[in-house]
file entry-v2.txt (compact mmCIF, N, CA and C atoms)
# COMPACT_ATOMS: atom_id res chain seq x y z
N MET C 30 -10.09 49.96 3.93
CA MET C 30 -10.09 50.84 5.07
C MET C 30 -11.38 50.64 5.85
N LYS C 31 -11.23 50.46 7.13
CA LYS C 31 -12.39 50.18 7.99
C LYS C 31 -13.09 51.49 8.37
N ARG C 32 -14.41 51.52 8.19
CA ARG C 32 -15.19 52.70 8.58
C ARG C 32 -15.47 52.67 10.05
N ARG C 33 -15.36 53.79 10.69
CA ARG C 33 -15.66 53.89 12.11
C ARG C 33 -17.14 54.15 12.30
N MET C 34 -17.77 53.35 13.17
CA MET C 34 -19.19 53.53 13.44
C MET C 34 -19.39 54.80 14.25
N LYS C 35 -20.39 55.56 13.86
CA LYS C 35 -20.72 56.79 14.56
C LYS C 35 -21.48 56.44 15.83
N ASP C 36 -21.15 57.15 16.93
CA ASP C 36 -21.88 56.92 18.17
C ASP C 36 -23.34 57.26 17.97
N PRO C 37 -24.25 56.46 18.55
CA PRO C 37 -25.68 56.78 18.42
C PRO C 37 -25.97 58.08 19.16
N PRO C 38 -26.99 58.81 18.70
CA PRO C 38 -27.32 60.07 19.38
C PRO C 38 -27.84 59.81 20.79
N THR C 39 -27.68 60.80 21.65
CA THR C 39 -28.25 60.69 22.99
C THR C 39 -29.77 60.74 22.87
N VAL C 40 -30.44 60.31 23.90
CA VAL C 40 -31.91 60.34 23.89
C VAL C 40 -32.39 61.77 23.68
N GLU C 41 -31.73 62.72 24.35
CA GLU C 41 -32.13 64.12 24.22
C GLU C 41 -31.94 64.65 22.80
N ALA C 42 -30.99 64.08 22.05
CA ALA C 42 -30.72 64.53 20.69
C ALA C 42 -31.60 63.84 19.65
N LEU C 43 -32.30 62.76 20.05
CA LEU C 43 -33.10 62.01 19.08
C LEU C 43 -34.18 62.84 18.38
N PRO C 44 -34.96 63.67 19.10
CA PRO C 44 -36.00 64.42 18.37
C PRO C 44 -35.45 65.26 17.22
N ALA C 45 -34.34 65.94 17.43
CA ALA C 45 -33.75 66.75 16.36
C ALA C 45 -33.25 65.86 15.22
N ASP C 46 -32.66 64.72 15.58
CA ASP C 46 -32.17 63.77 14.58
C ASP C 46 -33.34 63.24 13.74
N TRP C 47 -34.45 62.89 14.41
CA TRP C 47 -35.62 62.38 13.71
C TRP C 47 -36.23 63.45 12.79
N ARG C 48 -36.25 64.69 13.25
CA ARG C 48 -36.80 65.77 12.41
C ARG C 48 -35.96 65.96 11.15
N LYS C 49 -34.64 65.80 11.29
CA LYS C 49 -33.76 65.92 10.13
C LYS C 49 -34.05 64.80 9.14
N LYS C 50 -34.27 63.59 9.67
CA LYS C 50 -34.60 62.46 8.79
C LYS C 50 -35.95 62.66 8.12
N ALA C 51 -36.90 63.25 8.85
CA ALA C 51 -38.22 63.52 8.28
C ALA C 51 -38.10 64.53 7.13
N LYS C 52 -37.27 65.53 7.33
CA LYS C 52 -37.06 66.54 6.27
C LYS C 52 -36.48 65.88 5.02
N SER C 53 -35.55 64.97 5.21
CA SER C 53 -34.96 64.25 4.09
C SER C 53 -36.00 63.38 3.38
N LEU C 54 -36.83 62.67 4.16
CA LEU C 54 -37.89 61.85 3.57
C LEU C 54 -38.85 62.70 2.74
N ARG C 55 -39.22 63.83 3.29
CA ARG C 55 -40.16 64.72 2.62
C ARG C 55 -39.59 65.19 1.27
N ARG C 56 -38.28 65.40 1.24
CA ARG C 56 -37.61 65.86 0.02
C ARG C 56 -37.77 64.85 -1.11
N TYR C 57 -37.90 63.58 -0.74
CA TYR C 57 -38.05 62.53 -1.74
C TYR C 57 -39.48 62.00 -1.84
N GLY C 58 -40.44 62.78 -1.36
CA GLY C 58 -41.85 62.43 -1.52
C GLY C 58 -42.44 61.56 -0.43
N GLY C 59 -41.73 61.35 0.66
CA GLY C 59 -42.23 60.49 1.74
C GLY C 59 -42.98 61.28 2.81
N GLU C 60 -44.07 61.92 2.41
CA GLU C 60 -44.82 62.78 3.33
C GLU C 60 -45.38 62.03 4.53
N THR C 61 -46.00 60.86 4.30
CA THR C 61 -46.63 60.12 5.39
C THR C 61 -45.60 59.63 6.42
N PRO C 62 -44.50 58.97 6.00
CA PRO C 62 -43.53 58.56 7.01
C PRO C 62 -42.86 59.75 7.69
N ALA C 63 -42.67 60.83 6.95
CA ALA C 63 -42.06 62.03 7.55
C ALA C 63 -42.95 62.58 8.66
N THR C 64 -44.25 62.62 8.42
CA THR C 64 -45.19 63.10 9.44
C THR C 64 -45.18 62.19 10.65
N ALA C 65 -45.13 60.88 10.42
CA ALA C 65 -45.09 59.91 11.54
C ALA C 65 -43.83 60.11 12.37
N ILE C 66 -42.70 60.31 11.72
CA ILE C 66 -41.44 60.51 12.44
C ILE C 66 -41.49 61.81 13.24
N GLU C 67 -42.05 62.86 12.67
CA GLU C 67 -42.17 64.14 13.39
C GLU C 67 -43.07 63.99 14.62
N ARG C 68 -44.13 63.23 14.50
CA ARG C 68 -45.01 63.00 15.65
C ARG C 68 -44.29 62.22 16.75
N CYS C 69 -43.49 61.24 16.35
CA CYS C 69 -42.69 60.50 17.33
C CYS C 69 -41.71 61.44 18.03
N ALA C 70 -41.08 62.33 17.26
CA ALA C 70 -40.14 63.30 17.84
C ALA C 70 -40.86 64.20 18.84
N ASP C 71 -42.07 64.64 18.49
CA ASP C 71 -42.85 65.49 19.41
C ASP C 71 -43.19 64.73 20.69
N ASP C 72 -43.60 63.46 20.55
CA ASP C 72 -43.96 62.64 21.72
C ASP C 72 -42.74 62.42 22.63
N LEU C 73 -41.61 62.09 22.03
CA LEU C 73 -40.41 61.87 22.83
C LEU C 73 -39.97 63.15 23.53
N GLU C 74 -40.03 64.26 22.83
CA GLU C 74 -39.66 65.54 23.42
C GLU C 74 -40.55 65.87 24.62
N ALA C 75 -41.86 65.65 24.48
CA ALA C 75 -42.79 65.90 25.59
C ALA C 75 -42.50 64.97 26.76
N THR C 76 -42.17 63.73 26.48
CA THR C 76 -41.84 62.77 27.54
C THR C 76 -40.57 63.17 28.26
N LEU C 77 -39.57 63.66 27.53
CA LEU C 77 -38.32 64.11 28.15
C LEU C 77 -38.55 65.31 29.06
N VAL C 78 -39.39 66.24 28.61
CA VAL C 78 -39.71 67.41 29.43
C VAL C 78 -40.43 66.97 30.70
N GLU C 79 -41.40 66.08 30.54
CA GLU C 79 -42.16 65.57 31.69
C GLU C 79 -41.23 64.85 32.66
N ARG C 80 -40.32 64.04 32.14
CA ARG C 80 -39.37 63.33 32.99
C ARG C 80 -38.50 64.31 33.78
N ASP C 81 -37.98 65.32 33.11
CA ASP C 81 -37.11 66.29 33.78
C ASP C 81 -37.84 67.09 34.84
N GLU C 82 -39.15 67.26 34.67
CA GLU C 82 -39.93 68.03 35.63
C GLU C 82 -40.47 67.18 36.78
N THR C 83 -40.29 65.85 36.72
CA THR C 83 -40.71 64.97 37.80
C THR C 83 -39.99 65.38 39.07
N THR C 84 -40.72 65.47 40.17
CA THR C 84 -40.09 65.89 41.42
C THR C 84 -40.15 64.76 42.45
N PHE C 85 -39.20 64.82 43.37
CA PHE C 85 -39.07 63.80 44.41
C PHE C 85 -39.02 64.47 45.78
N SER C 86 -39.59 63.82 46.78
CA SER C 86 -39.39 64.26 48.16
C SER C 86 -37.91 64.01 48.48
N LEU C 87 -37.44 64.52 49.61
CA LEU C 87 -36.04 64.32 49.96
C LEU C 87 -35.71 62.84 50.15
N VAL C 88 -36.64 62.08 50.72
CA VAL C 88 -36.41 60.64 50.92
C VAL C 88 -36.34 59.93 49.57
N GLU C 89 -37.27 60.24 48.67
CA GLU C 89 -37.25 59.63 47.33
C GLU C 89 -35.99 60.05 46.58
N ALA C 90 -35.64 61.33 46.68
CA ALA C 90 -34.44 61.83 46.00
C ALA C 90 -33.19 61.15 46.54
N SER C 91 -33.20 60.84 47.84
CA SER C 91 -32.08 60.15 48.46
C SER C 91 -31.88 58.77 47.82
N ARG C 92 -32.97 58.05 47.62
CA ARG C 92 -32.90 56.73 46.99
C ARG C 92 -32.38 56.82 45.55
N GLU C 93 -32.82 57.84 44.84
CA GLU C 93 -32.43 58.02 43.44
C GLU C 93 -30.97 58.45 43.28
N SER C 94 -30.51 59.31 44.19
CA SER C 94 -29.21 59.94 44.01
C SER C 94 -28.04 59.26 44.72
N GLY C 95 -28.34 58.59 45.83
CA GLY C 95 -27.26 58.01 46.62
C GLY C 95 -26.80 58.92 47.74
N TYR C 96 -27.26 60.15 47.76
CA TYR C 96 -26.96 61.09 48.85
C TYR C 96 -28.03 60.94 49.93
N THR C 97 -27.70 61.32 51.15
CA THR C 97 -28.69 61.23 52.23
C THR C 97 -29.73 62.33 52.07
N ALA C 98 -30.89 62.10 52.64
CA ALA C 98 -31.96 63.11 52.61
C ALA C 98 -31.50 64.37 53.34
N THR C 99 -30.73 64.21 54.42
CA THR C 99 -30.22 65.36 55.17
C THR C 99 -29.32 66.22 54.30
N HIS C 100 -28.40 65.57 53.57
CA HIS C 100 -27.49 66.30 52.70
C HIS C 100 -28.25 67.02 51.59
N LEU C 101 -29.21 66.33 50.98
CA LEU C 101 -30.01 66.95 49.91
C LEU C 101 -30.80 68.14 50.46
N GLY C 102 -31.36 67.98 51.67
CA GLY C 102 -32.09 69.07 52.30
C GLY C 102 -31.19 70.28 52.52
N ARG C 103 -29.95 70.03 52.92
CA ARG C 103 -28.98 71.11 53.12
C ARG C 103 -28.69 71.81 51.79
N LEU C 104 -28.52 71.03 50.72
CA LEU C 104 -28.26 71.62 49.40
C LEU C 104 -29.42 72.51 48.96
N VAL C 105 -30.64 72.06 49.24
CA VAL C 105 -31.83 72.87 48.89
C VAL C 105 -31.84 74.14 49.74
N ARG C 106 -31.64 73.98 51.05
CA ARG C 106 -31.65 75.12 51.97
C ARG C 106 -30.59 76.16 51.60
N ASP C 107 -29.41 75.67 51.16
CA ASP C 107 -28.31 76.57 50.79
C ASP C 107 -28.47 77.15 49.39
N GLY C 108 -29.52 76.73 48.68
CA GLY C 108 -29.77 77.26 47.34
C GLY C 108 -28.91 76.63 46.26
N LYS C 109 -28.22 75.55 46.57
CA LYS C 109 -27.38 74.88 45.57
C LYS C 109 -28.22 74.00 44.64
N ILE C 110 -29.38 73.59 45.14
CA ILE C 110 -30.36 72.86 44.34
C ILE C 110 -31.67 73.64 44.48
N PRO C 111 -32.34 73.96 43.36
CA PRO C 111 -33.62 74.67 43.47
C PRO C 111 -34.69 73.83 44.17
N ASN C 112 -35.50 74.48 44.99
CA ASN C 112 -36.60 73.81 45.66
C ASN C 112 -37.79 73.76 44.70
N ALA C 113 -38.16 72.57 44.28
CA ALA C 113 -39.30 72.41 43.37
C ALA C 113 -40.60 72.22 44.15
N GLY C 114 -40.49 72.27 45.48
CA GLY C 114 -41.66 72.12 46.34
C GLY C 114 -42.01 73.46 46.96
N ARG C 115 -42.28 73.42 48.25
CA ARG C 115 -42.61 74.66 48.97
C ARG C 115 -41.81 74.69 50.27
N PRO C 116 -41.70 75.84 50.92
CA PRO C 116 -40.95 75.90 52.18
C PRO C 116 -41.54 74.90 53.19
N GLY C 117 -40.65 74.18 53.84
CA GLY C 117 -41.10 73.18 54.82
C GLY C 117 -41.42 71.84 54.20
N ALA C 118 -41.58 71.79 52.88
CA ALA C 118 -41.84 70.53 52.17
C ALA C 118 -41.08 70.55 50.84
N PRO C 119 -39.74 70.54 50.93
CA PRO C 119 -38.95 70.65 49.70
C PRO C 119 -39.09 69.43 48.80
N ARG C 120 -38.96 69.67 47.52
CA ARG C 120 -38.93 68.61 46.51
C ARG C 120 -37.81 68.97 45.54
N ILE C 121 -37.26 67.94 44.91
CA ILE C 121 -36.17 68.16 43.97
C ILE C 121 -36.59 67.60 42.61
N ALA C 122 -36.45 68.42 41.56
CA ALA C 122 -36.75 67.98 40.20
C ALA C 122 -35.65 67.04 39.73
N LEU C 123 -36.03 66.04 38.97
CA LEU C 123 -35.07 65.06 38.45
C LEU C 123 -33.92 65.75 37.72
N LYS C 124 -34.23 66.79 36.95
CA LYS C 124 -33.19 67.47 36.18
C LYS C 124 -32.14 68.12 37.08
N ASP C 125 -32.48 68.42 38.34
CA ASP C 125 -31.55 69.07 39.27
C ASP C 125 -30.93 68.11 40.27
N LEU C 126 -31.28 66.84 40.20
CA LEU C 126 -30.86 65.87 41.19
C LEU C 126 -29.41 65.44 40.97
N PRO C 127 -28.54 65.68 41.96
CA PRO C 127 -27.16 65.20 41.82
C PRO C 127 -27.13 63.69 42.02
N ARG C 128 -26.17 63.03 41.44
CA ARG C 128 -26.03 61.58 41.61
C ARG C 128 -24.60 61.25 41.97
N LYS C 129 -24.46 60.36 42.92
CA LYS C 129 -23.13 59.86 43.23
C LYS C 129 -22.67 59.00 42.06
N ALA C 130 -21.42 59.10 41.73
CA ALA C 130 -20.89 58.41 40.55
C ALA C 130 -21.04 56.89 40.64
N HIS C 131 -20.95 56.33 41.82
CA HIS C 131 -20.99 54.87 41.94
C HIS C 131 -22.40 54.31 42.10
N VAL C 132 -23.43 55.17 42.10
CA VAL C 132 -24.80 54.69 42.27
C VAL C 132 -25.39 54.42 40.89
N PRO C 133 -25.54 53.13 40.51
CA PRO C 133 -26.12 52.84 39.20
C PRO C 133 -27.62 53.14 39.18
N ALA C 134 -28.10 53.53 38.03
CA ALA C 134 -29.54 53.74 37.87
C ALA C 134 -30.22 52.38 38.00
N GLU C 135 -31.48 52.38 38.40
CA GLU C 135 -32.23 51.14 38.54
C GLU C 135 -32.25 50.42 37.20
N PRO C 136 -31.90 49.13 37.18
CA PRO C 136 -31.86 48.42 35.90
C PRO C 136 -33.25 48.37 35.26
N GLN C 137 -33.26 48.62 33.98
CA GLN C 137 -34.50 48.59 33.21
C GLN C 137 -34.45 47.43 32.23
N PRO C 138 -35.59 46.96 31.76
CA PRO C 138 -35.58 45.88 30.78
C PRO C 138 -34.85 46.31 29.51
N ARG C 139 -34.07 45.41 28.96
CA ARG C 139 -33.35 45.71 27.71
C ARG C 139 -34.31 45.48 26.55
N LEU C 140 -34.32 46.42 25.62
CA LEU C 140 -35.21 46.30 24.47
C LEU C 140 -34.83 45.11 23.59
N ALA C 141 -33.56 44.76 23.57
CA ALA C 141 -33.09 43.70 22.69
C ALA C 141 -33.44 42.30 23.19
N GLU C 142 -33.88 42.17 24.42
CA GLU C 142 -34.20 40.86 24.95
C GLU C 142 -35.57 40.42 24.45
N LYS C 143 -35.56 39.62 23.43
CA LYS C 143 -36.80 39.24 22.75
C LYS C 143 -37.80 38.56 23.68
N SER C 144 -37.33 37.71 24.59
CA SER C 144 -38.26 36.97 25.44
C SER C 144 -39.05 37.90 26.36
N ARG C 145 -38.48 39.03 26.75
CA ARG C 145 -39.17 39.95 27.64
C ARG C 145 -39.92 41.04 26.88
N ARG C 146 -39.56 41.25 25.62
CA ARG C 146 -40.10 42.37 24.86
C ARG C 146 -41.63 42.34 24.79
N SER C 147 -42.22 41.16 24.65
CA SER C 147 -43.67 41.08 24.51
C SER C 147 -44.40 41.47 25.79
N HIS C 148 -43.68 41.50 26.92
CA HIS C 148 -44.30 41.82 28.19
C HIS C 148 -44.15 43.30 28.57
N LEU C 149 -43.51 44.08 27.71
CA LEU C 149 -43.28 45.49 28.02
C LEU C 149 -44.43 46.35 27.49
N SER C 150 -44.84 47.30 28.32
CA SER C 150 -45.84 48.25 27.84
C SER C 150 -45.11 49.34 27.04
N ASN C 151 -45.86 50.13 26.30
CA ASN C 151 -45.26 51.24 25.55
C ASN C 151 -44.54 52.20 26.49
N ALA C 152 -45.13 52.45 27.65
CA ALA C 152 -44.51 53.36 28.62
C ALA C 152 -43.17 52.81 29.10
N GLN C 153 -43.09 51.49 29.33
CA GLN C 153 -41.84 50.88 29.77
C GLN C 153 -40.77 50.97 28.69
N ILE C 154 -41.18 50.80 27.45
CA ILE C 154 -40.23 50.91 26.34
C ILE C 154 -39.68 52.32 26.25
N VAL C 155 -40.56 53.32 26.32
CA VAL C 155 -40.12 54.72 26.27
C VAL C 155 -39.19 55.03 27.44
N GLN C 156 -39.55 54.58 28.65
CA GLN C 156 -38.70 54.82 29.82
C GLN C 156 -37.33 54.16 29.63
N SER C 157 -37.30 52.96 29.06
CA SER C 157 -36.03 52.28 28.82
C SER C 157 -35.17 53.06 27.83
N ILE C 158 -35.80 53.58 26.78
CA ILE C 158 -35.07 54.38 25.80
C ILE C 158 -34.55 55.66 26.44
N ILE C 159 -35.36 56.29 27.26
CA ILE C 159 -34.94 57.52 27.91
C ILE C 159 -33.75 57.28 28.83
N ARG C 160 -33.80 56.21 29.61
CA ARG C 160 -32.74 55.96 30.58
C ARG C 160 -31.47 55.39 29.95
N LYS C 161 -31.62 54.53 28.94
CA LYS C 161 -30.45 53.82 28.42
C LYS C 161 -30.12 54.15 26.98
N GLY C 162 -31.02 54.75 26.26
CA GLY C 162 -30.79 54.98 24.84
C GLY C 162 -31.20 53.76 24.05
N ILE C 163 -31.15 53.87 22.76
CA ILE C 163 -31.52 52.74 21.90
C ILE C 163 -30.32 51.83 21.77
N GLU C 164 -30.50 50.55 22.01
CA GLU C 164 -29.39 49.59 21.95
C GLU C 164 -29.22 49.05 20.57
call {"tool": "encode", "arguments": {"input": "entry-v2.txt", "output": "structure tokens"}}
result
Amino acid sequence: MKRRMKDPPTVEALPADWRKKAKSLRRYGGETPATAIERCADDLEATLVERDETTFSLVEASRESGYTATHLGRLVRDGKIPNAGRPGAPRIALKDLPRKAHVPAEPQPRLAEKSRRSHLSNAQIVQSIIRKGIE
């Protein structure tokens, strides 16, 4: 009987998954690796919060979302999207940014591509994991 592979957790679910693994390691005496995994979970969680709180001007948000700056401005004015800026200078938080279905996210380097891996900074690796998940 063939076993079905479980879908990998989403990036947002990784910190909780890692903490569960750390708890299991600790149960079998693996205090040091458990602590390291918990610290990684804390770092990823902080990065996810920071990413979600990143704000864009209407022009920047337009590039990210695929919607026009005018349309996004109307959504902010109508209260359909919270204004993360100030009156007269609206900004939109990434977590609130609508996206057109056909607008692909900007391609990021794949972690599995060995030839490019040595040229990636830690920040680029984390951003790739956040946007695409672990491959």
call {"tool": "closest_residue", "arguments": {"input": "entry-v2.txt", "among": "C:Ala90, C:Ala51, C:Ala152, C:Ala65", "to": "Asp125 of chain C", "atoms": "only C-alpha atoms"}}
result
C:Ala90
call {"tool": "residues_around", "arguments": {"input": "entry-v2.txt", "residues": "segment 70-84 of chain C", "least_positions_apart": "2", "cutoff": "9 Å", "atoms": "only C-alpha atoms", "output": "PyMOL selection string"}}
result
chain C and resi 40-41+43-48+65-68+86+90+113-114+120-125+155-156+159
call {"tool": "atom_distance", "arguments": {"input": "entry-v2.txt", "atom1": "atom CA of Pro127 of chain C", "atom2": "atom CA of Ile154 of chain C"}}
result
24.8 Å
call {"tool": "atom_distance", "arguments": {"input": "entry-v2.txt", "atom1": "atom CA of Tyr57 of chain C", "atom2": "atom CA of Thr39 of chain C"}}
result
26.7 Å
call {"tool": "atom_distance", "arguments": {"input": "entry-v2.txt", "atom1": "atom C of Ala118 of chain C", "atom2": "atom C of Ser94 of chain C"}}
result
18.3 Å
